[in-house]
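Novice: Here it is: the structure, laid out below.
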Amino acid sequence: MKIFNTQTRTIEEFVPNEAGRVKMYTCGPTVYHFAHIGNLRSYIEEDVLEKYLRKHYEVTRVMNITDVGHLSSDADTGEDKMLKGAKREKKSVMEIAKFYTDAFFSDCRELNIKKPDIVVPATKSIGSIIKMITGLIDGGYAYLAGGNVYFDTSRLDNYYVLSNNEAEDLEVGVREGVDEDSNKRNKTDFVLWFTKSKFEDQELKWNSPWGLGYPGWHIECSAICISNLGERVDIHCGGVDNIFPHHTNEIAQSEAYLGHKWCNYWFHVHHLNTPTGKMSKSSGEFLTVSLLKEKGYDPMVYRFFCLLSHYRKSLAFSYEALDNAKAAYEKLISKIASLEKGSCEADREKVSILTAPFYKAMDNDLNTSLAITAIYDVLKSSASDADKLSAIAEIDDVLSLNLLKAAEEKRNSKETSIDSDFAEWIGKMISERAQAKIDKDFARADSIREMLSEKGVMLTDTREGTTYTVVEK
């Protein structure tokens, strides 16, 4: 398997630290509001990556939940997002955290996103965070100033190892959200721990060697990752907007603390864009899974829409584009529903041939668009229906588009009012097909089945004979 590594900016062969085992970390949500569908695109792509890795390796995946410390700007300034949510809804921070954590995982279930093996809120990790900050101070990588603990980026040979940024990009006024902090020795330094000297209205505070306070956003991911996966991680995932400063700071503090390389591969998913730019919670229509359902879209249609594009390309959202994905998805389900379930078993060797293009696409930097094309190729092939269904099931173990489940539901959705002449014709065609099978004229039998399928008539062969279901075309 080859995958694009953000840190080296090249497509590399994926080789885990330990043979047969992968340690995977995913940046989780800040649970101050509902996740919008742009946020969820990243989790869909990460879910596909995890499920594909599980085809080859034992995978342990860890994800944090940010319920404290994520401020509203990149420069360690502004209001804590959790406090902002609590004020908005007149609830406590922990009430907000629980409600939106539950909502996030509900959206994940709707989208067939597997819950990570280990999920850890920042508020449950204060001990490991304090331990890590203490180690950074003892090692000379962090300092106390103005009541806060800062990471000293001047101690690093290459702070911008993950991005193309230059020092000037952090000049005050150059980039939105960059304000002057006179406590910092260097403009690129970032906060590891805030004390009561700042943000007096912060609801969640803990005792620490540096005073009553709370952690910064970046340190939580490093502490949670290291304490649950150990000192060497295979792959770290997140949205492309996390590259700088969040993941850049994670690398800085983690490798300074450990004294060696921490993570080998960085996987980043690009933005979902609207006509006005990157989708966000503060601009335009707030698009959630619930809203899409209210508008009549199956969440699988949105997952299908995302997988039609490569994860390293920005994806333009519009309802017209989603309608096109819906039509394509429903047509694909109809094609799968037309396959006979039958009683014969699939031939594993033939199924392997059918799925080979899927594995080739996925091994090529997780090309889900070509992976979906592989499903259409399976349907067009001359393989038996049993082999086709088995191949599609294997592919959908990774893509998780509910293909067989939706096809079964379509088979079971009988058209109740069919014309008597149509019913008589169906009966005649079934009889002709049965005779063709007796005469060993299998080409004729297949052509009759195909003709009936085109009319929305799905056949099921049983020991007692052939039954049929008429589905909406």
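Here's how to read the names in the structure tokens: chain A, B, ... by the order shown, residue numbers from 1 in each chain, ligand numbers from 1 in the order shown.
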Could you list, as a PyMOL selection string, every residue within 12 Å of segment 85-90 of chain A, counting only C-alpha atoms and ignoring same-chain residues fewer than 2 positions away?
Specialist: chain A and resi 30-34+67-68+70-72+79-83+92-100+201-204
Novice: Which residues, written as a short mmCIF file (atom, residue, chain, number, x, y, z; two decimals) with N, CA and C atoms, in the first residue's frame, have at least one atom at most 10 Å from Val378 of chain A, with only C-alpha atoms counted and residues fewer than 3 positions away on the same chain left out?
Specialist:
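And here's around_16.cif as it stands now:
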```cif
data_model
loop_
_atom_site.label_atom_id
_atom_site.label_comp_id
_atom_site.auth_asym_id
_atom_site.auth_seq_id
_atom_site.Cartn_x
_atom_site.Cartn_y
_atom_site.Cartn_z
N VAL A 351 -13.69 -14.59 -7.17
CA VAL A 351 -13.96 -13.37 -6.41
C VAL A 351 -12.69 -12.54 -6.25
N ILE A 353 -10.25 -12.35 -8.32
CA ILE A 353 -10.01 -11.68 -9.61
C ILE A 353 -10.89 -10.45 -9.73
N LEU A 354 -12.16 -10.59 -9.29
CA LEU A 354 -13.10 -9.46 -9.38
C LEU A 354 -12.69 -8.31 -8.47
N THR A 355 -12.15 -8.61 -7.30
CA THR A 355 -11.81 -7.55 -6.33
C THR A 355 -10.42 -6.97 -6.54
N PRO A 357 -9.03 -5.12 -8.91
CA PRO A 357 -8.97 -3.69 -9.24
C PRO A 357 -9.27 -2.79 -8.04
N PHE A 358 -10.14 -3.26 -7.15
CA PHE A 358 -10.44 -2.49 -5.93
C PHE A 358 -9.19 -2.35 -5.07
N THR A 373 -15.47 2.63 -9.02
CA THR A 373 -15.49 2.16 -10.40
C THR A 373 -15.33 0.64 -10.46
N ALA A 374 -14.53 0.11 -9.55
CA ALA A 374 -14.32 -1.34 -9.50
C ALA A 374 -15.63 -2.08 -9.24
N ILE A 375 -16.57 -1.47 -8.50
CA ILE A 375 -17.88 -2.10 -8.26
C ILE A 375 -18.65 -2.21 -9.57
N SER A 381 -19.14 -7.61 -15.36
CA SER A 381 -18.39 -8.82 -15.69
C SER A 381 -19.32 -9.99 -16.02
N SER A 382 -18.74 -11.04 -16.57
CA SER A 382 -19.51 -12.23 -16.93
C SER A 382 -19.54 -13.24 -15.78
N ALA A 383 -19.10 -12.84 -14.61
CA ALA A 383 -19.07 -13.74 -13.45
C ALA A 383 -20.49 -14.08 -13.01
N ASP A 385 -23.70 -14.45 -10.49
CA ASP A 385 -24.26 -13.50 -9.54
C ASP A 385 -23.71 -13.74 -8.14
N ASP A 387 -20.74 -14.83 -7.34
CA ASP A 387 -19.39 -14.26 -7.28
C ASP A 387 -19.45 -12.74 -7.22
N LYS A 388 -20.36 -12.15 -7.98
CA LYS A 388 -20.49 -10.69 -7.97
C LYS A 388 -20.91 -10.19 -6.59
N LEU A 389 -21.90 -10.84 -6.00
CA LEU A 389 -22.38 -10.42 -4.69
C LEU A 389 -21.30 -10.58 -3.63
N ALA A 391 -18.04 -10.44 -4.16
CA ALA A 391 -17.03 -9.41 -4.41
C ALA A 391 -17.50 -8.05 -3.90
N ILE A 392 -18.76 -7.73 -4.15
CA ILE A 392 -19.30 -6.44 -3.70
C ILE A 392 -19.32 -6.38 -2.18
#
```
Novice: I'd like the neighbourhood of segment 438-455 of chain A as number ranges by chain, where a residue qualifies if any of its atoms comes within 12 Å (using only C-alpha atoms), though same-chain residues fewer than 2 positions away should be ignored.
Specialist: A: 334-340, 382, 384-385, 411, 415, 418, 422-423, 425-436, 457-461, 466, 468-473
Novice: Next, dump the selected residues to file, keeping only N, CA and C atoms, as a compact mmCIF listing (two decimals), in the first residue's frame.
Specialist:
```txt
# COMPACT_ATOMS: atom_id res chain seq x y z
N SER A 334 -29.94 -0.41 -7.54
CA SER A 334 -30.86 -1.15 -8.41
C SER A 334 -30.14 -2.24 -9.18
N LYS A 335 -28.95 -1.94 -9.65
CA LYS A 335 -28.17 -2.95 -10.39
C LYS A 335 -27.81 -4.13 -9.49
N ILE A 336 -27.43 -3.81 -8.25
CA ILE A 336 -27.07 -4.88 -7.31
C ILE A 336 -28.31 -5.69 -6.94
N ALA A 337 -29.45 -5.00 -6.80
CA ALA A 337 -30.70 -5.68 -6.45
C ALA A 337 -31.15 -6.65 -7.54
N SER A 338 -30.70 -6.41 -8.76
CA SER A 338 -31.10 -7.28 -9.88
C SER A 338 -30.34 -8.60 -9.89
N LEU A 339 -29.29 -8.72 -9.09
CA LEU A 339 -28.53 -9.96 -9.04
C LEU A 339 -29.31 -11.03 -8.28
N GLU A 340 -29.26 -12.25 -8.78
CA GLU A 340 -29.94 -13.36 -8.11
C GLU A 340 -29.14 -13.81 -6.91
N SER A 382 -18.74 -11.04 -16.57
CA SER A 382 -19.51 -12.23 -16.93
C SER A 382 -19.54 -13.24 -15.78
N SER A 384 -20.60 -15.14 -12.24
CA SER A 384 -21.91 -15.52 -11.70
C SER A 384 -22.39 -14.48 -10.71
N ASP A 385 -23.70 -14.45 -10.49
CA ASP A 385 -24.26 -13.50 -9.54
C ASP A 385 -23.71 -13.74 -8.14
N ARG A 411 -35.16 -5.11 -3.13
CA ARG A 411 -35.80 -6.35 -3.58
C ARG A 411 -37.12 -6.59 -2.85
N GLU A 415 -43.81 -3.87 -5.81
CA GLU A 415 -44.76 -2.98 -6.46
C GLU A 415 -46.12 -3.67 -6.37
N ILE A 418 -49.51 -4.27 -9.98
CA ILE A 418 -48.99 -4.53 -11.32
C ILE A 418 -50.13 -4.99 -12.22
N PHE A 422 -49.24 -7.74 -17.40
CA PHE A 422 -47.81 -7.76 -17.07
C PHE A 422 -47.48 -9.00 -16.22
N ALA A 423 -48.38 -9.29 -15.27
CA ALA A 423 -48.17 -10.46 -14.41
C ALA A 423 -48.20 -11.74 -15.24
N TRP A 425 -47.43 -12.00 -18.39
CA TRP A 425 -46.21 -12.03 -19.20
C TRP A 425 -45.01 -12.50 -18.36
N ILE A 426 -44.95 -12.01 -17.11
CA ILE A 426 -43.87 -12.44 -16.21
C ILE A 426 -43.92 -13.95 -16.03
N GLY A 427 -45.12 -14.48 -15.77
CA GLY A 427 -45.27 -15.92 -15.58
C GLY A 427 -44.83 -16.70 -16.80
N LYS A 428 -45.15 -16.18 -17.97
CA LYS A 428 -44.76 -16.84 -19.21
C LYS A 428 -43.24 -16.85 -19.36
N MET A 429 -42.61 -15.72 -19.05
CA MET A 429 -41.15 -15.63 -19.18
C MET A 429 -40.45 -16.56 -18.18
N ILE A 430 -41.01 -16.68 -16.98
CA ILE A 430 -40.41 -17.58 -15.98
C ILE A 430 -40.52 -19.03 -16.47
N SER A 431 -41.65 -19.38 -17.06
CA SER A 431 -41.82 -20.74 -17.59
C SER A 431 -40.84 -21.01 -18.72
N GLU A 432 -40.68 -20.04 -19.62
CA GLU A 432 -39.74 -20.19 -20.74
C GLU A 432 -38.31 -20.34 -20.22
N ARG A 433 -37.99 -19.59 -19.19
CA ARG A 433 -36.65 -19.67 -18.61
C ARG A 433 -36.42 -21.05 -17.99
N ALA A 434 -37.46 -21.57 -17.31
CA ALA A 434 -37.33 -22.89 -16.69
C ALA A 434 -37.09 -23.96 -17.76
N GLN A 435 -37.81 -23.85 -18.87
CA GLN A 435 -37.63 -24.82 -19.95
C GLN A 435 -36.24 -24.69 -20.58
N ALA A 436 -35.77 -23.45 -20.72
CA ALA A 436 -34.45 -23.23 -21.29
C ALA A 436 -33.38 -23.88 -20.41
N VAL A 457 -38.14 -6.66 -12.64
CA VAL A 457 -38.59 -7.94 -12.09
C VAL A 457 -37.36 -8.70 -11.59
N MET A 458 -37.28 -8.92 -10.28
CA MET A 458 -36.15 -9.61 -9.67
C MET A 458 -36.54 -11.05 -9.35
N LEU A 459 -35.79 -12.00 -9.89
CA LEU A 459 -36.09 -13.41 -9.70
C LEU A 459 -35.30 -13.99 -8.54
N THR A 460 -35.91 -14.93 -7.84
CA THR A 460 -35.23 -15.69 -6.80
C THR A 460 -35.52 -17.16 -7.03
N ASP A 461 -34.48 -17.96 -7.28
CA ASP A 461 -34.64 -19.40 -7.50
C ASP A 461 -34.58 -20.14 -6.16
N THR A 466 -39.29 -20.79 -8.89
CA THR A 466 -38.81 -19.41 -9.01
C THR A 466 -39.89 -18.44 -8.58
N TYR A 468 -40.72 -14.12 -7.80
CA TYR A 468 -40.25 -12.83 -8.31
C TYR A 468 -40.77 -11.68 -7.45
N THR A 469 -40.04 -10.58 -7.56
CA THR A 469 -40.42 -9.32 -6.91
C THR A 469 -40.31 -8.22 -7.94
N VAL A 470 -41.33 -7.36 -8.01
CA VAL A 470 -41.28 -6.22 -8.91
C VAL A 470 -40.90 -4.99 -8.09
N VAL A 471 -39.82 -4.35 -8.49
CA VAL A 471 -39.35 -3.17 -7.78
C VAL A 471 -39.49 -1.95 -8.67
N GLU A 472 -39.53 -0.83 -8.02
CA GLU A 472 -39.66 0.45 -8.74
C GLU A 472 -38.40 0.74 -9.51
N LYS A 473 -38.51 1.07 -10.77
CA LYS A 473 -37.32 1.37 -11.60
C LYS A 473 -37.03 2.85 -11.56
```
Novice: With only C-alpha atoms as the basis for distance, which of A:Glu330, A:Glu294, A:Asp323, A:Glu220 is at the shortest distance from Met132 of chain A?
Specialist: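 For Met132 of chain A, the nearest of the candidates is A:Glu220.
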Novice: Near segment 144-147 of chain A, within 12 Å and counting only C-alpha atoms, which residues show up once chain neighbours fewer than 5 positions away are dropped, as a list in words?
Specialist: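 Counting only C-alpha atoms, the residues come to Ile133, Thr134, Leu136, Ile137, Asp138, Asp152, Asp181, Ser182, Asn183, Lys184, Arg185, Asp189, Phe190, Val191, Leu192, Trp193, Phe194, Thr195, Lys196, Ser197, Lys198, Phe199, Ser208, Pro209, Trp210, Gly211, Leu212, Gly213 and Tyr214 of chain A.
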Novice: Residues within 7 Å of Tyr329 of chain A, please, as a ChimeraX atom specification. Count only C-alpha atoms; anything in the same chain fewer than 4 positions from it doesn't count.
Specialist: /A:301,325,333
Novice: Atom CA of Asn367 of chain A to atom CA of Asp241 of chain A: how many Å, to one decimal?
Specialist: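 Distance reported for this atom pair: 21.1 Å.
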Novice: Would you please work out which residue, of A:Phe305, A:Phe317, A:Tyr257, A:Phe151, is nearest to Asp76 of chain A when using only C-alpha atoms?
Specialist: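 Checking each of A:Phe305, A:Phe317, A:Tyr257, A:Phe151 against Asp76 of chain A, counting only C-alpha atoms, the winner is A:Phe151.
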Novice: Extract, using only C-alpha atoms, all DNA, RNA and protein residues at most 9 Å from Val161 of chain A, discarding same-chain residues fewer than 2 positions from it, and format them as a count of residues only.
Specialist: 9
Novice: For atom CA of Asn165 of chain A and atom CA of Thr188 of chain A, quote the distance in Å rounded to one decimal.
Specialist: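 Interatomic distance, atom CA of Asn165 of chain A to atom CA of Thr188 of chain A: 11.2 Å.
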Novice: Output as a ChimeraX atom specification all residues of segment 248-438 of chain A that backbone DSSP marks as strand (DSSP E or B).
Specialist: /A:263-269,272-274,277-278,315-316,364
Novice: Work out how far atom CA of Pro245 of chain A is from atom CA of Lys187 of chain A, in Å to one decimal.
Specialist: 12.5 Å
